[in-house]
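Containing compact mmCIF, C-alpha atoms and all ligand atoms: coords.txt.
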# COMPACT_ATOMS: atom_id res chain seq x y z
CA MET A 1 0.00 0.00 0.00
CA GLU A 2 1.09 3.55 -0.70
CA LYS A 3 2.28 5.42 2.39
CA ILE A 4 2.22 9.08 3.33
CA ARG A 5 5.70 10.58 3.37
CA LEU A 6 5.31 12.74 6.43
CA GLY A 7 7.17 15.82 7.64
CA ILE A 8 6.67 16.96 11.22
CA ILE A 9 7.03 20.66 12.11
CA GLY A 10 7.18 21.17 15.87
CA LEU A 11 8.78 18.42 17.97
CA GLY A 12 7.86 19.48 21.48
CA GLN A 13 5.57 17.62 23.88
CA ARG A 14 2.88 16.94 21.29
CA GLY A 15 4.86 16.54 18.09
CA TYR A 16 7.40 14.20 19.68
CA GLY A 17 4.71 12.41 21.70
CA LEU A 18 2.67 11.70 18.56
CA LEU A 19 5.74 10.49 16.73
CA LYS A 20 6.83 8.16 19.52
CA ASP A 21 3.45 6.84 20.63
CA ASN A 22 1.48 6.78 17.39
CA ILE A 23 3.17 7.54 14.10
CA VAL A 24 6.02 5.03 14.42
CA LYS A 25 3.35 2.40 15.21
CA LEU A 26 1.35 3.34 12.13
CA GLN A 27 4.02 2.55 9.55
CA GLU A 28 1.38 0.85 7.46
CA TYR A 29 0.28 4.43 6.67
CA TYR A 30 3.23 6.73 7.44
CA ASN A 31 6.90 7.03 6.56
CA VAL A 32 8.54 9.94 8.39
CA THR A 33 10.90 11.63 5.93
CA ALA A 34 11.54 15.09 7.41
CA LEU A 35 11.61 16.81 10.78
CA CYS A 36 11.69 20.45 11.81
CA ASP A 37 11.98 22.35 15.05
CA VAL A 38 13.71 25.56 16.04
CA TYR A 39 15.68 23.48 18.58
CA GLU A 40 18.36 21.13 17.21
CA ASP A 41 18.19 18.81 20.24
CA ARG A 42 14.52 18.12 19.57
CA ILE A 43 15.27 17.27 15.94
CA GLU A 44 18.01 14.88 17.06
CA GLN A 45 15.79 13.15 19.61
CA ALA A 46 13.00 12.68 17.07
CA SER A 47 15.39 11.56 14.35
CA LYS A 48 16.78 8.90 16.69
CA THR A 49 13.26 7.63 17.43
CA VAL A 50 12.46 7.38 13.71
CA VAL A 51 15.63 5.36 13.02
CA GLU A 52 15.18 3.13 16.08
CA ASN A 53 11.78 2.22 14.71
CA GLY A 54 13.16 0.98 11.42
CA MET A 55 12.71 3.98 9.13
CA GLU A 56 15.52 5.74 7.29
CA LYS A 57 17.15 8.75 8.93
CA PRO A 58 14.86 11.69 8.08
CA PHE A 59 15.99 15.09 6.81
CA GLY A 60 16.23 17.59 9.70
CA THR A 61 16.04 21.38 9.64
CA THR A 62 15.33 24.38 11.85
CA ASP A 63 13.64 26.19 8.93
CA TYR A 64 10.20 24.89 7.98
CA ASN A 65 10.49 26.42 4.49
CA GLU A 66 13.36 24.02 3.76
CA LEU A 67 11.19 21.08 4.76
CA LEU A 68 8.32 22.36 2.60
CA MET A 69 10.55 22.53 -0.50
CA ARG A 70 11.36 18.83 -0.37
CA ASP A 71 10.05 16.35 -2.93
CA ASP A 72 10.04 13.49 -0.42
CA VAL A 73 7.30 15.09 1.73
CA ASP A 74 3.63 14.56 0.83
CA ALA A 75 2.06 15.88 4.03
CA VAL A 76 3.05 17.80 7.14
CA LEU A 77 1.94 17.49 10.71
CA ILE A 78 2.07 21.01 12.17
CA SER A 79 2.52 20.70 15.91
CA CYS A 80 4.42 23.90 16.62
CA ALA A 81 3.47 26.80 18.88
CA TRP A 82 0.03 28.38 18.32
CA GLU A 83 1.46 31.61 16.90
CA TYR A 84 2.92 29.74 13.91
CA HIS A 85 -0.06 27.56 13.03
CA VAL A 86 -1.52 29.81 10.35
CA PRO A 87 1.71 30.96 8.62
CA VAL A 88 3.13 27.42 8.53
CA ALA A 89 -0.16 25.86 7.35
CA CYS A 90 -0.54 28.47 4.59
CA ALA A 91 3.07 28.02 3.45
CA ALA A 92 2.54 24.25 3.40
CA MET A 93 -0.63 24.51 1.34
CA LYS A 94 1.11 26.85 -1.10
CA ALA A 95 3.94 24.33 -1.40
CA GLY A 96 1.35 21.67 -2.29
CA LYS A 97 1.76 19.67 0.93
CA ALA A 98 -1.25 18.15 2.65
CA VAL A 99 -1.77 19.63 6.11
CA ALA A 100 -2.59 17.98 9.43
CA LEU A 101 -2.86 20.99 11.72
CA GLU A 102 -2.69 20.53 15.49
CA VAL A 103 -5.25 22.39 17.58
CA GLY A 104 -5.12 25.81 19.20
CA GLY A 105 -6.87 29.15 19.03
CA ALA A 106 -6.19 31.96 16.55
CA TYR A 107 -4.88 35.48 17.07
CA SER A 108 -6.88 37.41 14.47
CA VAL A 109 -10.00 37.03 12.36
CA GLU A 110 -7.86 37.87 9.31
CA ASP A 111 -5.63 34.84 10.01
CA CYS A 112 -8.69 32.57 9.99
CA PHE A 113 -9.80 33.98 6.63
CA LEU A 114 -6.23 33.59 5.33
CA LEU A 115 -6.36 29.90 6.21
CA VAL A 116 -9.67 29.45 4.39
CA ASN A 117 -8.66 31.54 1.37
CA THR A 118 -5.35 29.69 1.01
CA TRP A 119 -7.14 26.37 1.10
CA GLU A 120 -9.73 27.55 -1.45
CA GLU A 121 -6.89 28.62 -3.77
CA THR A 122 -4.83 25.45 -3.36
CA LYS A 123 -7.43 22.77 -2.45
CA VAL A 124 -4.72 20.57 -0.91
CA PRO A 125 -5.97 18.04 1.65
CA PHE A 126 -6.31 19.83 5.00
CA MET A 127 -7.42 18.37 8.30
CA PHE A 128 -7.72 20.08 11.66
CA MET A 129 -6.45 17.43 14.08
CA GLU A 130 -9.00 17.80 16.86
CA ASN A 131 -8.49 14.41 18.47
CA CYS A 132 -11.36 14.86 20.96
CA CYS A 133 -13.78 14.52 18.03
CA TYR A 134 -12.67 10.85 18.05
CA ASP A 135 -13.01 10.08 21.74
CA LYS A 136 -15.33 7.33 22.88
CA TYR A 137 -17.71 9.41 24.98
CA GLU A 138 -18.20 12.18 22.44
CA LEU A 139 -18.83 9.59 19.71
CA LEU A 140 -21.23 7.57 21.85
CA ALA A 141 -23.35 10.66 22.54
CA THR A 142 -23.15 11.88 18.94
CA SER A 143 -24.28 8.50 17.68
CA MET A 144 -27.22 8.57 20.13
CA ALA A 145 -28.09 12.10 19.00
CA ARG A 146 -28.01 11.00 15.35
CA LYS A 147 -30.54 8.28 16.17
CA GLY A 148 -32.84 10.88 17.73
CA VAL A 149 -32.53 9.42 21.23
CA PHE A 150 -32.18 12.82 22.92
CA GLY A 151 -35.02 14.40 20.90
CA GLU A 152 -34.38 17.87 19.55
CA ILE A 153 -30.98 19.16 20.68
CA VAL A 154 -31.25 22.50 22.47
CA HIS A 155 -27.94 23.06 24.22
CA CYS A 156 -24.45 21.59 24.46
CA SER A 157 -21.66 22.44 26.83
CA GLY A 158 -18.08 21.47 27.39
CA SER A 159 -14.91 22.59 29.03
CA TYR A 160 -11.17 22.45 28.86
CA SER A 161 -10.68 21.77 32.53
CA HIS A 162 -7.05 20.87 33.00
CA ASP A 163 -4.76 22.07 35.75
CA LEU A 164 -1.94 23.62 33.71
CA ARG A 165 -0.24 25.55 36.51
CA GLU A 166 2.90 23.42 36.37
CA GLU A 167 3.08 23.44 32.56
CA VAL A 168 2.53 27.20 32.28
CA THR A 169 4.81 28.35 35.08
CA ARG A 170 7.63 26.00 33.96
CA GLY A 171 7.30 27.44 30.45
CA LYS A 172 10.74 29.04 30.36
CA GLU A 173 12.54 25.86 31.46
CA ASN A 174 10.46 23.71 29.09
CA ARG A 175 10.65 26.22 26.21
CA HIS A 176 6.84 26.11 26.03
CA TYR A 177 4.64 28.68 24.29
CA ARG A 178 1.77 28.67 26.78
CA LEU A 179 3.60 30.86 29.30
CA ARG A 180 3.75 33.93 27.06
CA ASN A 181 0.08 33.50 26.21
CA TYR A 182 -1.00 33.31 29.85
CA LEU A 183 1.10 36.36 30.72
CA ASN A 184 -0.26 38.51 27.90
CA ARG A 185 -3.75 37.40 26.85
CA ASN A 186 -7.15 36.98 28.50
CA CYS A 187 -9.45 34.78 26.43
CA GLU A 188 -10.87 31.32 25.75
CA ASN A 189 -7.39 30.38 24.55
CA TYR A 190 -8.02 26.66 23.86
CA PRO A 191 -11.61 26.19 22.71
CA THR A 192 -11.48 23.27 20.33
CA HIS A 193 -11.20 20.15 22.53
CA GLU A 194 -14.73 20.78 23.76
CA LEU A 195 -16.11 22.81 20.87
CA GLY A 196 -14.99 20.43 18.11
CA PRO A 197 -17.20 17.47 19.05
CA ILE A 198 -20.09 19.83 19.85
CA ALA A 199 -19.75 21.62 16.50
CA LYS A 200 -19.75 18.26 14.72
CA LEU A 201 -22.84 17.15 16.62
CA LEU A 202 -24.66 20.41 15.82
CA ASP A 203 -23.67 20.29 12.11
CA ILE A 204 -21.81 23.59 12.30
CA ASN A 205 -20.84 24.77 8.77
CA ARG A 206 -23.11 22.04 7.41
CA GLY A 207 -26.71 23.17 7.81
CA ASN A 208 -26.03 25.21 10.92
CA ARG A 209 -23.51 27.82 11.98
CA MET A 210 -22.26 29.71 15.00
CA VAL A 211 -23.61 33.24 14.82
CA SER A 212 -22.41 35.17 17.88
CA LEU A 213 -20.77 34.85 21.27
CA VAL A 214 -20.31 36.52 24.60
CA SER A 215 -17.37 35.76 26.85
CA VAL A 216 -16.63 36.63 30.48
CA ALA A 217 -13.47 35.98 32.51
CA SER A 218 -12.98 35.73 36.26
CA LYS A 219 -10.09 37.47 37.96
CA SER A 220 -6.65 35.94 37.62
CA CYS A 221 -4.99 34.71 40.77
CA GLY A 222 -4.45 30.93 40.33
CA MET A 223 -1.07 31.21 38.62
CA GLU A 224 0.08 33.95 40.98
CA ALA A 225 -0.81 31.80 44.03
CA TYR A 226 0.96 28.79 42.50
CA VAL A 227 4.11 30.82 41.82
CA GLU A 228 4.09 32.10 45.39
CA LYS A 229 3.61 28.58 46.79
CA HIS A 230 6.52 27.20 44.72
CA LYS A 231 8.77 30.22 44.79
CA ASP A 232 11.80 28.26 46.03
CA THR A 233 12.02 26.42 42.71
CA MET A 234 10.23 28.95 40.51
CA ASN A 235 11.69 30.91 37.59
CA PRO A 236 12.51 34.16 39.48
CA GLU A 237 11.14 36.24 36.59
CA LEU A 238 7.63 35.06 37.51
CA ILE A 239 7.68 36.00 41.18
CA GLY A 240 5.23 38.81 41.83
CA VAL A 241 4.16 38.94 38.17
CA ASP A 242 0.48 39.37 37.18
CA PHE A 243 -0.85 36.89 34.65
CA LYS A 244 -3.43 38.45 32.29
CA GLN A 245 -5.32 35.18 31.71
CA GLY A 246 -8.46 34.93 33.86
CA ASP A 247 -8.73 31.69 35.84
CA ILE A 248 -12.21 30.74 34.62
CA VAL A 249 -13.55 31.91 31.25
CA HIS A 250 -17.12 31.24 30.17
CA THR A 251 -18.17 31.68 26.56
CA ILE A 252 -21.77 31.36 25.31
CA ILE A 253 -22.25 30.83 21.59
CA THR A 254 -25.59 31.15 19.79
CA CYS A 255 -26.19 29.06 16.67
CA ALA A 256 -28.34 29.75 13.61
CA GLY A 257 -30.45 26.72 14.54
CA GLY A 258 -31.29 28.32 17.90
CA GLU A 259 -29.01 26.06 19.98
CA THR A 260 -26.64 27.51 22.54
CA ILE A 261 -23.14 26.25 23.36
CA LEU A 262 -21.45 26.95 26.69
CA LEU A 263 -17.66 26.62 26.83
CA LYS A 264 -15.50 26.85 29.93
CA LEU A 265 -11.73 27.33 30.12
CA ASP A 266 -10.56 26.25 33.55
CA THR A 267 -6.78 25.74 33.69
CA SER A 268 -5.22 27.66 36.54
CA LEU A 269 -6.93 26.43 39.72
CA PRO A 270 -6.62 23.00 41.40
CA ARG A 271 -8.91 20.45 39.76
CA TYR A 272 -9.06 17.13 37.86
CA TYR A 273 -9.07 16.87 34.05
CA SER A 274 -12.46 16.99 32.36
CA ARG A 275 -14.07 18.07 29.10
CA ASP A 276 -17.60 17.94 30.53
CA PHE A 277 -19.10 17.15 27.13
CA THR A 278 -22.84 17.57 27.66
CA VAL A 279 -25.76 17.24 25.26
CA ARG A 280 -29.24 18.43 26.24
CA GLY A 281 -32.34 17.55 24.23
CA THR A 282 -36.09 17.48 24.61
CA GLU A 283 -36.03 13.72 25.44
CA GLY A 284 -32.91 13.40 27.56
CA PHE A 285 -29.26 14.17 28.04
CA TYR A 286 -25.72 12.86 28.11
CA GLU A 287 -23.05 14.07 30.55
CA GLN A 288 -19.47 12.94 30.01
CA ALA A 289 -17.88 13.60 33.39
CA PRO A 290 -20.14 11.12 35.26
CA ASN A 291 -20.84 9.22 31.98
CA ILE A 292 -24.59 9.43 32.58
CA VAL A 293 -27.27 8.92 29.97
CA PHE A 294 -30.67 10.17 31.07
CA LEU A 295 -33.61 9.33 28.83
CA GLU A 296 -36.96 10.41 30.08
CA LYS A 297 -38.68 7.43 28.47
CA ASP A 298 -36.50 4.93 30.35
CA VAL A 299 -35.99 6.44 33.77
CA ASP A 300 -38.30 7.70 36.46
CA HIS A 301 -36.86 11.20 36.70
CA THR A 302 -37.69 11.53 40.39
CA ILE A 303 -34.73 9.27 41.17
CA PHE A 304 -32.51 11.97 39.74
CA GLU A 305 -33.83 14.62 42.07
CA SER A 306 -31.21 14.22 44.75
CA THR A 307 -27.47 14.07 44.32
CA THR A 308 -27.30 10.73 46.14
CA SER A 309 -29.50 9.11 43.49
CA VAL A 310 -27.25 10.54 40.78
CA VAL A 311 -24.37 8.59 42.33
CA LYS A 312 -26.29 5.33 41.73
CA HIS A 313 -26.35 6.07 38.01
CA LEU A 314 -22.75 7.06 37.56
CA ASN A 315 -21.28 5.45 34.46
CA ASN A 316 -24.60 4.09 33.15
CA GLY A 317 -23.41 5.26 29.71
CA LYS A 318 -21.75 1.82 29.50
CA GLU A 319 -25.17 0.22 29.11
CA TYR A 320 -25.72 2.14 25.86
CA GLU A 321 -22.42 1.19 24.21
CA GLU A 322 -23.59 -2.11 22.70
CA LYS A 323 -26.39 -0.39 20.81
CA TYR A 324 -24.90 3.00 19.98
CA LEU A 325 -21.09 3.04 20.15
CA PRO A 326 -19.64 3.46 16.62
CA ASP A 327 -17.79 0.39 15.30
CA ILE A 328 -14.47 2.20 15.27
CA TRP A 329 -14.58 2.11 19.09
CA LYS A 330 -16.09 -1.37 19.33
CA ASN A 331 -13.15 -2.67 17.29
CA ILE A 332 -10.37 -0.70 18.97
CA THR A 333 -7.27 -2.70 19.91
CA GLU A 334 -5.44 -2.76 23.25
CA GLU A 335 -2.37 -1.34 21.50
CA GLN A 336 -4.39 1.63 20.23
CA ILE A 337 -5.84 2.27 23.68
CA LYS A 338 -2.33 2.39 25.13
CA SER A 339 -0.98 4.61 22.36
CA GLY A 340 -1.99 8.05 23.59
CA HIS A 341 -5.08 9.76 24.99
CA GLY A 342 -6.83 6.42 25.42
CA GLY A 343 -7.01 5.56 21.71
CA MET A 344 -8.43 8.68 20.12
CA ASP A 345 -5.07 9.83 18.71
CA SER A 346 -4.53 6.55 16.93
CA ILE A 347 -8.03 6.60 15.44
CA GLU A 348 -7.55 10.18 14.30
CA PHE A 349 -4.22 9.52 12.54
CA ILE A 350 -5.63 6.44 10.81
CA GLU A 351 -8.65 8.44 9.63
CA PHE A 352 -6.40 11.22 8.29
CA ALA A 353 -4.27 8.69 6.43
CA LYS A 354 -7.23 6.82 5.00
CA ALA A 355 -8.89 10.00 3.73
CA TYR A 356 -5.59 11.23 2.24
CA LEU A 357 -4.70 7.95 0.54
CA ALA A 358 -8.22 7.50 -0.85
CA GLY A 359 -8.37 11.13 -2.03
CA GLU A 360 -11.51 11.66 0.04
CA GLU A 361 -12.81 14.78 1.76
CA MET A 362 -11.20 15.33 5.17
CA PRO A 363 -13.53 14.71 8.13
CA ILE A 364 -12.57 17.99 9.87
CA ASP A 365 -11.91 20.65 7.26
CA VAL A 366 -10.61 24.18 6.93
CA TYR A 367 -14.03 25.74 7.61
CA ASP A 368 -14.17 23.81 10.89
CA ALA A 369 -10.64 24.96 11.73
CA ALA A 370 -11.34 28.64 11.04
CA SER A 371 -14.67 28.78 12.83
CA TRP A 372 -13.39 26.91 15.91
CA MET A 373 -10.07 28.79 16.12
CA VAL A 374 -11.69 32.22 15.75
CA ILE A 375 -13.47 31.73 19.09
CA SER A 376 -10.23 32.69 20.89
CA VAL A 377 -9.99 36.01 19.07
CA LEU A 378 -13.63 36.92 19.55
CA SER A 379 -13.68 35.88 23.21
CA GLU A 380 -10.62 38.10 23.80
CA LYS A 381 -12.51 41.06 22.30
CA SER A 382 -15.71 40.26 24.18
CA ILE A 383 -13.94 40.00 27.55
CA ALA A 384 -12.08 43.26 26.91
CA GLN A 385 -15.45 44.93 26.31
CA GLY A 386 -17.12 43.59 29.44
CA GLY A 387 -18.81 40.59 27.82
CA ALA A 388 -20.03 42.41 24.69
CA PRO A 389 -21.60 40.26 21.94
CA MET A 390 -19.35 39.47 18.96
CA ASP A 391 -20.48 38.32 15.53
CA ILE A 392 -18.87 35.06 14.39
CA PRO A 393 -17.95 35.25 10.67
CA ASP A 394 -19.39 32.75 8.22
CA PHE A 395 -16.20 31.30 6.77
CA THR A 396 -18.15 29.20 4.26
CA GLY A 397 -19.42 32.32 2.48
CA GLY A 398 -23.03 31.14 2.73
CA LYS A 399 -22.31 27.54 1.70
CA TRP A 400 -23.19 26.27 5.19
CA THR A 401 -26.83 26.26 4.10
CA MET A 402 -26.17 23.57 1.50
CA ARG A 403 -23.18 21.61 2.79
CA GLU A 404 -24.10 18.09 3.84
CA ARG A 405 -23.43 16.52 7.22
CA ARG A 406 -19.97 14.90 7.61
CA ASP A 407 -19.52 12.90 10.79
CA VAL A 408 -15.91 12.02 11.63
CA VAL A 409 -16.74 8.29 11.54
CA PRO A 410 -19.81 6.34 10.42
CA MET A 411 -22.47 6.47 13.15
N1 LIG B 501 -4.47 17.41 20.47
C1 LIG B 501 -3.92 17.30 21.66
O1 LIG B 501 -4.33 16.51 22.50
C2 LIG B 501 -2.77 18.20 21.99
C3 LIG B 501 -2.04 18.00 23.16
C4 LIG B 501 -0.97 18.85 23.41
C5 LIG B 501 -0.67 19.86 22.50
N2 LIG B 501 -1.41 20.03 21.39
C6 LIG B 501 -1.09 21.07 20.41
O2 LIG B 501 0.18 20.78 19.85
C7 LIG B 501 0.88 21.98 19.58
C8 LIG B 501 2.23 21.94 20.28
O3 LIG B 501 2.03 21.86 21.67
P1 LIG B 501 3.19 21.35 22.63
O4 LIG B 501 2.61 21.21 23.98
O5 LIG B 501 3.89 20.24 22.00
O6 LIG B 501 4.15 22.63 22.64
P2 LIG B 501 5.73 22.65 22.76
O7 LIG B 501 6.10 24.06 23.02
O8 LIG B 501 6.20 21.58 23.68
O9 LIG B 501 6.17 22.25 21.30
C9 LIG B 501 6.09 23.11 20.21
C10 LIG B 501 7.36 22.91 19.41
O10 LIG B 501 7.26 23.70 18.22
C11 LIG B 501 8.52 24.27 18.00
N3 LIG B 501 8.33 25.46 17.17
C12 LIG B 501 7.76 26.61 17.53
N4 LIG B 501 7.76 27.46 16.51
C13 LIG B 501 8.33 26.80 15.46
C14 LIG B 501 8.62 27.15 14.12
N5 LIG B 501 8.34 28.36 13.64
N6 LIG B 501 9.22 26.23 13.33
C15 LIG B 501 9.53 25.01 13.82
N7 LIG B 501 9.28 24.63 15.08
C16 LIG B 501 8.69 25.51 15.89
C17 LIG B 501 9.07 24.59 19.38
O11 LIG B 501 10.46 24.75 19.37
C18 LIG B 501 8.61 23.38 20.15
O12 LIG B 501 9.56 22.36 20.18
C19 LIG B 501 -0.02 23.10 20.03
O13 LIG B 501 -0.75 23.55 18.95
C20 LIG B 501 -0.96 22.44 21.02
O14 LIG B 501 -2.17 23.11 21.11
C21 LIG B 501 -2.44 19.21 21.11
Render the structure in this file as structure tokens.
Ligand SMILES: NC(=O)c1ccc[n+]([C@@H]2O[C@H](COP(=O)([O-])OP(=O)(O)OC[C@H]3O[C@@H](n4cnc5c(N)ncnc54)[C@H](O)[C@@H]3O)[C@@H](O)[C@H]2O)c1
Amino acid sequence: MEKIRLGIIGLGQRGYGLLKDNIVKLQEYYNVTALCDVYEDRIEQASKTVVENGMEKPFGTTDYNELLMRDDVDAVLISCAWEYHVPVACAAMKAGKAVALEVGGAYSVEDCFLLVNTWEETKVPFMFMENCCYDKYELLATSMARKGVFGEIVHCSGSYSHDLREEVTRGKENRHYRLRNYLNRNCENYPTHELGPIAKLLDINRGNRMVSLVSVASKSCGMEAYVEKHKDTMNPELIGVDFKQGDIVHTIITCAGGETILLKLDTSLPRYYSRDFTVRGTEGFYEQAPNIVFLEKDVDHTIFESTTSVVKHLNNGKEYEEKYLPDIWKNITEEQIKSGHGGMDSIEFIEFAKAYLAGEEMPIDVYDAASWMVISVLSEKSIAQGGAPMDIPDFTGGKWTMRERRDVVPM
């Protein structure tokens, strides 16, 4: 079978992690031919991993333009810092390379249009690599929604709830981009892990679209408190510094179909990881954190009226898997489950490769990327103006009214 000759741009936590845990195990689909990072040591580490896994030594460079000029690269995985996502993706498309773009928010509305316009000019395969669109719980609930089980969908919510205090405050030592963002911006800076699966479920850009948002941020004191608590080992430049990023950011999006979407960014106070993917319909709901399916037709709702009865139903989502879980999850292997983020990364990279090799439409396209990434920019503006409403552009130029549904996997 033909393989994708892959270049990787950005070999930090994610780029190297994907290489080591997924891509070298997917050699049926991928041959890594080129690597790029601004740091030589990261190129060397990744190059060694490629060779140890039986592939030829890849070309290495600190300049992504050099990688993009090569004839032995069909596609690039862009896993560099957020600020470079759009320029690198556009340069790649112009060089005729297929793009697998890692997630993150954007910095300007113009950048999002640039991404869309460049794709429309070049039409190279482009996929926004939102792995959470492939997770088990999001797909279980989406499959149930597709079968009408929840009735008419009215509201969805989700969060990026992840204690990043260590990652952000150790940013200088780890050469990580998040630190500068948390010091200088106040916005929903990472919307797509929760928004992606919701947007897919609500057919955003395909019969529906996001029309406007409001965004509100709490004060910022989580990072400051963490720095103070760890000041003996902390980068001295951070002691006494104010971080601009609010600790909790809520964003409410209104859709053309009348649905609302609530997003929460929650990354600088103590807590456990959660995406809180929640679907609310006229006949029932799904909540990811406790993995609860509630269908009015099946359950006497009075048992849900106290929190102690909720505990009895924790994880009852399992009972719905046999009937509704998409096959891709029913057939997942142990090796895939162990290979990063519980299996969703492996599924995502197989789906990208299959679509590329078959010349098929990508499951998460440039219109999805632009409309999900722009939320960061608009939330920043809304927060700065005291929660003022912001219009969300229609990146499809009106085509959302006629574009057909495209689920990431068969439901
Ligand atoms: N989907 C997921 O689950 C997931 C998880 C983690 C990170 N990410 C995404 O992956 C991306 C990288 O995150 P990370 O945590 O690995 O960050 P990181 O800072 O550890 O790695 C980014 C790497 O990109 C390199 N880089 C930056 N600018 C570059 C340029 N112009 N040319 C070449 N290399 C450049 C940096 O030197 C660094 O090694 C981000 O977009 C992030 O949002 C996704």
Ranking A:Ile9, A:Ala98, A:Ile253, A:Ile392 by minimum distance to A:Cys156 and counting all atoms listed in the file, which one comes first?
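The closest residue to A:Cys156 is A:Ile253.
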Please write out the residues within 6 Å of ligand LIG 501 (chain B) as a compact mmCIF listing (two decimals) with C-alpha atoms, in the coordinates of the input, counting only C-alpha atoms and all ligand atoms.
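New file result-v1.txt:
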# COMPACT_ATOMS: atom_id res chain seq x y z
CA ILE A 9 7.03 20.66 12.11
CA GLY A 10 7.18 21.17 15.87
CA LEU A 11 8.78 18.42 17.97
CA GLY A 12 7.86 19.48 21.48
CA GLN A 13 5.57 17.62 23.88
CA ARG A 14 2.88 16.94 21.29
CA GLY A 15 4.86 16.54 18.09
CA CYS A 36 11.69 20.45 11.81
CA ASP A 37 11.98 22.35 15.05
CA VAL A 38 13.71 25.56 16.04
CA TYR A 39 15.68 23.48 18.58
CA TYR A 64 10.20 24.89 7.98
CA SER A 79 2.52 20.70 15.91
CA CYS A 80 4.42 23.90 16.62
CA ALA A 81 3.47 26.80 18.88
CA TRP A 82 0.03 28.38 18.32
CA TYR A 84 2.92 29.74 13.91
CA GLU A 102 -2.69 20.53 15.49
CA VAL A 103 -5.25 22.39 17.58
CA GLY A 104 -5.12 25.81 19.20
CA GLU A 130 -9.00 17.80 16.86
CA ASN A 131 -8.49 14.41 18.47
CA ARG A 175 10.65 26.22 26.21
CA HIS A 176 6.84 26.11 26.03
CA TYR A 177 4.64 28.68 24.29
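Restricting the calculation to only C-alpha atoms, the smallest distance between A:Ser215 and any of A:Lys3, A:Lys354, A:Lys264, A:Lys123 is found for A:Lys264.
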In file coordinates, which residues lie within 10 Å of (-26.3, 4.8, 34.4) using only C-alpha atoms, given as JSON, numbers by chain?
{"A": [290, 291, 292, 293, 294, 299, 310, 311, 312, 313, 314, 315, 316, 317, 318, 319, 320]}
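Using all atoms listed in the file, the nearest neighbour of A:Glu110 within the list A:Glu194, A:Pro393, A:Ile8, A:Lys330 is A:Pro393.
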Which is closer to A:Arg209 than all the others in A:Trp372, A:Tyr16, A:Phe113, A:Tyr273, using all atoms listed in the file?
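Nearest candidate to A:Arg209 out of A:Trp372, A:Tyr16, A:Phe113, A:Tyr273: A:Trp372.
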Could you check the closest approach to A:Cys221 for each of A:Thr192, A:Ser268, A:Thr396, A:Asn235 and tell me which residue wins, using all atoms listed in the file?
A:Ser268
Please compute the atom CA of A:Ala89-atom CA of A:Phe126 distance, one decimal, in Å.
8.9 Å
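Picture a line from atom CA of A:Val32 to atom CA of A:Asp365; it runs 23.1 Å.
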What is the atom CA of A:Phe128 to atom CA of A:Tyr367 distance in Å?
9.4 Å
Would you please work out which residue, of A:Met55, A:Val154, A:Leu295, A:Cys133, is nearest to A:Leu262 when using only C-alpha atoms?
A:Val154
In the coordinates of the file, take the point (3.3, 18.1, 9.7) and a cut-off of 6 Å; then, counting all atoms listed in the file, name each qualifying protein, DNA or RNA residue as a ChimeraX atom specification.
/A:7-9,76-78,100
Expected file contents, prior selection, C-alpha atoms, as a PDB file, keeping the file's coordinate frame:
ATOM      1  CA  GLY A   7       7.170  15.820   7.640  1.00  0.00           C
ATOM      2  CA  ILE A   8       6.670  16.960  11.220  1.00  0.00           C
ATOM      3  CA  ILE A   9       7.030  20.660  12.110  1.00  0.00           C
ATOM      4  CA  VAL A  76       3.050  17.800   7.140  1.00  0.00           C
ATOM      5  CA  LEU A  77       1.940  17.490  10.710  1.00  0.00           C
ATOM      6  CA  ILE A  78       2.070  21.010  12.170  1.00  0.00           C
ATOM      7  CA  ALA A 100      -2.590  17.980   9.430  1.00  0.00           C
TER       8      ALA A 100
END
Skip A:Leu67 itself and residues of its chain fewer than 2 positions away, then list as an mmCIF file with C-alpha atoms, in the frame of the given file all residues within 10 Å of it, counting only C-alpha atoms.
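File produced: out34.cif:
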data_model
loop_
_atom_site.group_PDB
_atom_site.id
_atom_site.type_symbol
_atom_site.label_atom_id
_atom_site.label_comp_id
_atom_site.auth_asym_id
_atom_site.auth_seq_id
_atom_site.Cartn_x
_atom_site.Cartn_y
_atom_site.Cartn_z
ATOM 1 C CA GLY A 7 7.170 15.820 7.640
ATOM 2 C CA ILE A 8 6.670 16.960 11.220
ATOM 3 C CA ILE A 9 7.030 20.660 12.110
ATOM 4 C CA THR A 33 10.900 11.630 5.930
ATOM 5 C CA ALA A 34 11.540 15.090 7.410
ATOM 6 C CA LEU A 35 11.610 16.810 10.780
ATOM 7 C CA CYS A 36 11.690 20.450 11.810
ATOM 8 C CA PHE A 59 15.990 15.090 6.810
ATOM 9 C CA GLY A 60 16.230 17.590 9.700
ATOM 10 C CA THR A 61 16.040 21.380 9.640
ATOM 11 C CA THR A 62 15.330 24.380 11.850
ATOM 12 C CA ASP A 63 13.640 26.190 8.930
ATOM 13 C CA TYR A 64 10.200 24.890 7.980
ATOM 14 C CA ASN A 65 10.490 26.420 4.490
ATOM 15 C CA MET A 69 10.550 22.530 -0.500
ATOM 16 C CA ARG A 70 11.360 18.830 -0.370
ATOM 17 C CA ASP A 71 10.050 16.350 -2.930
ATOM 18 C CA ASP A 72 10.040 13.490 -0.420
ATOM 19 C CA VAL A 73 7.300 15.090 1.730
ATOM 20 C CA VAL A 76 3.050 17.800 7.140
ATOM 21 C CA ALA A 92 2.540 24.250 3.400
#
As JSON: centre and edge lengths in Å, one decimal, of the axis-aligned box holding stretch 9-18 of chain A with 4 Å per side:
{"center_x": 5.7, "center_y": 16.4, "center_z": 18.0, "size_x": 14.1, "size_y": 17.5, "size_z": 19.8}
